[in-house]
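target_9.cif follows (mmCIF, C-alpha atoms):
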```cif
data_target
#
loop_
_atom_site.group_PDB
_atom_site.id
_atom_site.type_symbol
_atom_site.label_atom_id
_atom_site.label_comp_id
_atom_site.auth_asym_id
_atom_site.auth_seq_id
_atom_site.Cartn_x
_atom_site.Cartn_y
_atom_site.Cartn_z
ATOM 1 C CA MET A 15 0.000 0.000 0.000
ATOM 2 C CA VAL A 16 1.173 3.536 -0.797
ATOM 3 C CA LEU A 17 0.312 6.801 0.953
ATOM 4 C CA GLU A 18 -2.386 7.820 -1.540
ATOM 5 C CA GLU A 19 -4.115 4.443 -1.277
ATOM 6 C CA PHE A 20 -3.963 4.631 2.520
ATOM 7 C CA PHE A 21 -5.793 7.946 2.584
ATOM 8 C CA SER A 22 -8.251 6.859 -0.099
ATOM 9 C CA LEU A 23 -9.282 3.869 2.014
ATOM 10 C CA LEU A 24 -9.389 5.958 5.184
ATOM 11 C CA ASP A 25 -11.574 8.559 3.456
ATOM 12 C CA SER A 26 -14.070 5.872 2.456
ATOM 13 C CA ILE A 27 -14.944 4.874 6.037
ATOM 14 C CA SER A 28 -16.585 6.781 8.854
ATOM 15 C CA SER A 29 -17.750 4.660 11.795
ATOM 16 C CA ASP A 30 -15.490 3.887 14.766
ATOM 17 C CA GLU A 31 -15.949 0.186 14.054
ATOM 18 C CA SER A 32 -14.713 0.537 10.476
ATOM 19 C CA ILE A 33 -11.791 2.741 11.543
ATOM 20 C CA LEU A 34 -10.769 0.156 14.139
ATOM 21 C CA ASP A 35 -10.976 -2.578 11.508
ATOM 22 C CA PHE A 36 -8.859 -0.401 9.196
ATOM 23 C CA CYS A 37 -6.229 -0.032 11.952
ATOM 24 C CA ARG A 38 -6.115 -3.752 12.617
ATOM 25 C CA LYS A 39 -5.914 -4.731 8.967
ATOM 26 C CA HIS A 40 -3.623 -2.055 7.544
ATOM 27 C CA VAL A 41 -1.611 -0.646 10.467
ATOM 28 C CA LEU A 42 -1.174 -3.424 13.043
ATOM 29 C CA HIS A 43 -1.375 -6.637 11.027
ATOM 30 C CA GLY A 44 1.264 -8.023 8.694
ATOM 31 C CA THR A 45 5.002 -7.963 8.077
ATOM 32 C CA PRO A 46 6.509 -4.463 8.378
ATOM 33 C CA PHE A 47 7.699 -2.656 5.274
ATOM 34 C CA ILE A 48 11.271 -2.677 6.575
ATOM 35 C CA PHE A 49 11.207 -6.497 6.630
ATOM 36 C CA ALA A 50 9.310 -7.073 3.381
ATOM 37 C CA GLU A 51 10.207 -10.539 2.038
ATOM 38 C CA ARG A 52 12.551 -11.021 5.015
ATOM 39 C CA ASP A 53 10.390 -12.935 7.462
ATOM 40 C CA ASP A 54 13.362 -14.781 8.988
ATOM 41 C CA ASP A 55 15.151 -11.498 9.719
ATOM 42 C CA PHE A 56 11.954 -10.083 11.218
ATOM 43 C CA TYR A 57 11.737 -13.069 13.557
ATOM 44 C CA GLU A 58 15.408 -12.771 14.588
ATOM 45 C CA PHE A 59 15.066 -9.039 15.239
ATOM 46 C CA ARG A 60 12.025 -9.566 17.468
ATOM 47 C CA LYS A 61 13.665 -12.518 19.229
ATOM 48 C CA ARG A 62 16.776 -10.421 19.901
ATOM 49 C CA ILE A 63 14.653 -7.820 21.715
ATOM 50 C CA GLY A 64 12.468 -10.433 23.389
ATOM 51 C CA ASP A 65 15.480 -12.264 24.807
ATOM 52 C CA LYS A 66 16.807 -9.018 26.275
ATOM 53 C CA PHE A 67 13.580 -8.100 28.060
ATOM 54 C CA ARG A 68 12.181 -11.622 28.569
ATOM 55 C CA ILE A 69 9.193 -10.986 26.329
ATOM 56 C CA PRO A 70 7.730 -13.440 23.772
ATOM 57 C CA PHE A 71 8.814 -12.403 20.276
ATOM 58 C CA HIS A 72 5.204 -12.123 19.100
ATOM 59 C CA GLU A 73 4.568 -9.337 21.631
ATOM 60 C CA ILE A 74 7.062 -7.051 19.896
ATOM 61 C CA TYR A 75 5.731 -4.804 17.129
ATOM 62 C CA ILE A 76 7.259 -2.368 14.678
ATOM 63 C CA THR A 77 5.171 0.767 14.255
ATOM 64 C CA GLY A 78 5.224 4.014 12.306
ATOM 65 C CA SER A 79 6.726 4.500 8.867
ATOM 66 C CA ALA A 80 8.940 1.406 9.189
ATOM 67 C CA LYS A 81 5.734 -0.625 9.424
ATOM 68 C CA LEU A 82 3.782 1.090 6.631
ATOM 69 C CA GLY A 83 6.544 2.312 4.339
ATOM 70 C CA PHE A 84 5.390 5.893 4.872
ATOM 71 C CA SER A 85 4.246 8.226 7.619
ATOM 72 C CA PRO A 86 0.613 9.318 7.163
ATOM 73 C CA PHE A 87 1.170 11.980 9.826
ATOM 74 C CA LYS A 88 4.238 13.551 8.187
ATOM 75 C CA ARG A 89 3.032 12.575 4.690
ATOM 76 C CA LYS A 90 6.436 11.290 3.670
ATOM 77 C CA SER A 91 7.900 7.967 2.626
ATOM 78 C CA PHE A 92 10.136 5.890 4.860
ATOM 79 C CA ASP A 93 13.764 6.809 4.121
ATOM 80 C CA TYR A 94 17.237 6.739 5.652
ATOM 81 C CA ASP A 95 16.346 9.635 7.953
ATOM 82 C CA SER A 96 13.511 7.594 9.467
ATOM 83 C CA ASP A 97 13.693 5.720 12.760
ATOM 84 C CA ILE A 98 12.522 2.225 13.629
ATOM 85 C CA ASP A 99 9.854 2.534 16.314
ATOM 86 C CA VAL A 100 9.264 -0.581 18.388
ATOM 87 C CA ALA A 101 6.421 -1.353 20.801
ATOM 88 C CA LEU A 102 7.056 -3.898 23.564
ATOM 89 C CA ILE A 103 3.769 -5.314 24.853
ATOM 90 C CA SER A 104 4.415 -6.607 28.362
ATOM 91 C CA LEU A 105 2.459 -6.200 31.587
ATOM 92 C CA ASN A 106 5.378 -7.657 33.594
ATOM 93 C CA LEU A 107 7.916 -5.215 32.168
ATOM 94 C CA PHE A 108 5.484 -2.321 32.517
ATOM 95 C CA ASP A 109 4.790 -3.153 36.164
ATOM 96 C CA SER A 110 8.476 -3.653 36.947
ATOM 97 C CA ILE A 111 9.365 -0.188 35.657
ATOM 98 C CA MET A 112 6.362 1.409 37.352
ATOM 99 C CA ASN A 113 7.288 -0.149 40.713
ATOM 100 C CA ASP A 114 10.596 1.712 40.601
ATOM 101 C CA ILE A 115 8.843 4.892 39.518
ATOM 102 C CA SER A 116 6.359 4.664 42.390
ATOM 103 C CA ASN A 117 9.278 4.850 44.807
ATOM 104 C CA TYR A 118 10.469 8.005 43.082
ATOM 105 C CA GLN A 119 6.963 9.468 43.197
ATOM 106 C CA MET A 120 6.807 8.911 46.950
ATOM 107 C CA SER A 121 10.084 10.734 47.579
ATOM 108 C CA PHE A 122 8.995 13.485 45.201
ATOM 109 C CA ARG A 123 5.783 14.031 47.207
ATOM 110 C CA LYS A 124 7.788 14.273 50.421
ATOM 111 C CA ASN A 125 10.121 16.875 48.879
ATOM 112 C CA ARG A 126 13.162 14.672 49.232
ATOM 113 C CA GLN A 127 13.772 14.819 45.497
ATOM 114 C CA VAL A 128 14.686 18.066 43.773
ATOM 115 C CA VAL A 129 13.718 18.354 40.118
ATOM 116 C CA ARG A 130 14.510 21.262 37.824
ATOM 117 C CA GLU A 131 11.560 22.914 36.080
ATOM 118 C CA VAL A 132 12.450 21.485 32.672
ATOM 119 C CA GLU A 133 12.669 18.001 34.174
ATOM 120 C CA LEU A 134 9.365 18.488 35.987
ATOM 121 C CA LYS A 135 7.726 19.183 32.624
ATOM 122 C CA MET A 136 9.332 16.025 31.233
ATOM 123 C CA TYR A 137 8.107 14.044 34.239
ATOM 124 C CA HIS A 138 4.548 15.297 33.739
ATOM 125 C CA ASP A 139 4.763 14.247 30.086
ATOM 126 C CA PHE A 140 5.990 10.841 31.219
ATOM 127 C CA LEU A 141 3.066 10.434 33.629
ATOM 128 C CA GLU A 142 0.608 11.459 30.919
ATOM 129 C CA TYR A 143 1.882 8.675 28.680
ATOM 130 C CA THR A 144 1.821 6.112 31.496
ATOM 131 C CA ALA A 145 -1.819 7.014 32.186
ATOM 132 C CA LEU A 146 -2.445 5.782 28.633
ATOM 133 C CA GLY A 147 -0.632 2.524 29.389
ATOM 134 C CA TRP A 148 2.581 3.516 27.591
ATOM 135 C CA ILE A 149 6.028 3.908 29.165
ATOM 136 C CA ARG A 150 8.445 6.129 27.244
ATOM 137 C CA PRO A 151 11.889 5.862 28.865
ATOM 138 C CA ASP A 152 13.059 8.920 26.904
ATOM 139 C CA LYS A 153 10.663 11.004 29.027
ATOM 140 C CA LEU A 154 12.208 10.005 32.356
ATOM 141 C CA PRO A 155 13.878 13.066 33.978
ATOM 142 C CA ILE A 156 17.659 13.070 34.171
ATOM 143 C CA SER A 157 17.547 13.382 37.960
ATOM 144 C CA PHE A 158 15.488 10.207 38.267
ATOM 145 C CA GLN A 159 17.156 7.608 40.427
ATOM 146 C CA MET A 160 16.869 5.172 37.508
ATOM 147 C CA LYS A 161 20.096 5.944 35.702
ATOM 148 C CA ALA A 162 21.102 2.285 35.533
ATOM 149 C CA PHE A 163 17.776 1.396 33.920
ATOM 150 C CA LYS A 164 17.984 4.239 31.394
ATOM 151 C CA ASP A 165 21.605 3.536 30.522
ATOM 152 C CA ASP A 166 20.899 -0.164 30.001
ATOM 153 C CA TRP A 167 17.780 0.597 27.925
ATOM 154 C CA PHE A 168 19.396 3.070 25.550
ATOM 155 C CA ASP A 169 22.701 1.167 25.361
ATOM 156 C CA PHE A 170 20.787 -1.903 24.205
ATOM 157 C CA PHE A 171 18.830 -0.112 21.505
ATOM 158 C CA ARG A 172 21.978 1.636 20.315
ATOM 159 C CA SER A 173 23.560 -1.815 20.067
ATOM 160 C CA ILE A 174 20.922 -2.897 17.524
ATOM 161 C CA SER A 175 20.878 0.396 15.572
ATOM 162 C CA TYR A 176 22.820 1.615 12.540
ATOM 163 C CA GLY A 177 23.731 -1.638 10.875
ATOM 164 C CA LYS A 178 24.239 -3.660 14.059
ATOM 165 C CA SER A 179 21.155 -5.855 13.662
ATOM 166 C CA GLU A 180 18.758 -7.333 11.104
ATOM 167 C CA VAL A 181 16.858 -4.053 10.778
ATOM 168 C CA GLY A 182 19.631 -2.276 8.883
ATOM 169 C CA ASN A 183 21.180 1.187 9.054
ATOM 170 C CA TYR A 184 18.565 2.940 11.184
ATOM 171 C CA GLN A 185 18.157 4.168 14.736
ATOM 172 C CA VAL A 186 15.911 1.930 16.849
ATOM 173 C CA ASN A 187 13.633 3.455 19.510
ATOM 174 C CA ALA A 188 11.181 1.658 21.784
ATOM 175 C CA GLY A 189 8.465 2.059 24.379
ATOM 176 C CA VAL A 190 6.538 -0.342 26.613
ATOM 177 C CA PHE A 191 2.768 -0.821 26.474
ATOM 178 C CA LYS A 192 0.877 -2.321 29.396
ATOM 179 C CA SER A 193 -1.258 -4.518 27.124
ATOM 180 C CA TYR A 194 -2.150 -5.101 23.497
ATOM 181 C CA GLN A 195 -5.424 -3.271 24.142
ATOM 182 C CA HIS A 196 -3.517 -0.148 25.214
ATOM 183 C CA PHE A 197 -1.341 -0.379 22.110
ATOM 184 C CA GLU A 198 -4.340 -0.844 19.820
ATOM 185 C CA SER A 199 -6.200 2.025 21.490
ATOM 186 C CA TYR A 200 -3.196 4.310 20.960
ATOM 187 C CA VAL A 201 -3.005 3.420 17.257
ATOM 188 C CA PHE A 202 -6.768 3.753 16.825
ATOM 189 C CA SER A 203 -6.765 7.179 18.488
ATOM 190 C CA GLY A 204 -3.966 8.383 16.205
ATOM 191 C CA ILE A 205 -5.680 7.227 13.021
ATOM 192 C CA LYS A 206 -9.023 8.656 14.128
ATOM 193 C CA ASP A 207 -7.380 12.035 14.834
ATOM 194 C CA LEU A 208 -5.621 11.862 11.476
ATOM 195 C CA LYS A 209 -8.942 11.353 9.711
ATOM 196 C CA ARG A 210 -10.626 14.132 11.702
ATOM 197 C CA HIS A 211 -7.874 16.637 10.974
ATOM 198 C CA LYS A 212 -7.802 15.720 7.311
ATOM 199 C CA VAL A 213 -11.550 16.339 7.049
ATOM 200 C CA ALA A 214 -11.183 19.634 8.919
ATOM 201 C CA ARG A 215 -8.477 20.759 6.478
ATOM 202 C CA GLY A 216 -10.588 19.642 3.545
ATOM 203 C CA SER A 217 -7.711 17.694 2.010
#
```
Could you express the structure from this file as structure tokens?
Amino acid sequence: MVLEEFFSLLDSISSDESILDFCRKHVLHGTPFIFAERDDDFYEFRKRIGDKFRIPFHEIYITGSAKLGFSPFKRKSFDYDSDIDVALISLNLFDSIMNDISNYQMSFRKNRQVVREVELKMYHDFLEYTALGWIRPDKLPISFQMKAFKDDWFDFFRSISYGKSEVGNYQVNAGVFKSYQHFESYVFSGIKDLKRHKVARGS
């Protein structure tokens, strides 16, 4: 599917049920563009991540332009400036990270933790995402007492970026979703907003 076909199909539907079906069929389901005709490499890439975080390979998804071959939000094709966005679907991993964060939140409430204003904004962004069932490690404030976690997280994804894994010469980023339902709801919300804004612009 190309960008024009994507929007043509999206324009032809209107109900929430049909938009959800569109998301499942065209955005979530199937082999990602970046691994077209390379199913074995796709498996190995997912297994590599799964082994690191003790997650079944089938609970690891590639999203965004690397999945579709284009970004409907930026209206541009996937290219060498694009990133590989990965979603890890794991309640255990989500809860493990949030347990550590709850300890931070307690010390923050008791004023034992000092956070600069810019980091406070980042922390609020982080909490907004977690309320949606999505952990974004890049939003954790620098002063968080989770440096070891952050270093390990980003060191790992750097180790499979830029020609160091099956995905090729791209940067790999990742986030953790609490459940598949949270992941699907996030994708559905994005596509629904995309359709709404496109109608509002009249294009």
The PyMOL selection byres ((chain A and resi 92) around 9) on the file shown: which residues, as a PyMOL selection string?
chain A and resi 47-48+79-80+82-85+90-91+93-97
Counting all atoms listed in the file, which of A:Gly204, A:Pro86, A:Gly189, A:Pro151 gets nearest to Ile74 (chain A)?
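Smallest separation from Ile74 (chain A) among the options: A:Gly189.
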Evaluate the PyMOL selection byres ((chain A and resi 24-39) around 10) against this structure - the residues, as a list in words, please.
Glu18, Glu19, Phe20, Phe21, Ser22, Leu23, His40, Val41, Leu42, His43, Gly44, Glu198, Ser199, Val201, Phe202, Ser203, Gly204, Ile205, Lys206, Leu208, Lys209, Arg210, Lys212 and Val213 of chain A
Can you list what the PyMOL selection byres ((chain A and resi 162-178) around 9) grabs from this structure, as a list in words?
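Applied to this file, the PyMOL selection byres ((chain A and resi 162-178) around 9) returns Phe59, Arg62, Ile63, Lys66, Ile98, Ile111, Pro151, Asp152, Leu154, Gln159, Met160, Lys161, Ser179, Glu180, Val181, Gly182, Asn183, Tyr184, Gln185, Val186, Asn187 and Ala188 of chain A.
Every protein or nucleic acid residue with an atom no more than 10 Å from Ser193 (chain A), counting all atoms listed in the file and leaving out same-chain residues fewer than 6 positions away, appears here: Glu73, Leu102, Ile103, Ser104, Leu105, Asn106, Phe108, Gly147, Trp148 and Ser199 of chain A.
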As a check of understanding: the span from CA of Lys192 (chain A) to CA of Met15 (chain A) is 29.5 Å
To one decimal place in Å, what is the distance between CA of Pro46 (chain A) and CA of Leu17 (chain A)?
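Computing it gives 14.8 Å between the two atoms.
Taking CA of Met112 (chain A) and CA of Tyr194 (chain A) as the two end points, the separation is 17.5 Å.
Taking all atoms listed in the file into account, Thr77 (chain A) lies nearest to A:Tyr200 out of the set A:Glu133, A:Tyr200, A:His138, A:Ser116.
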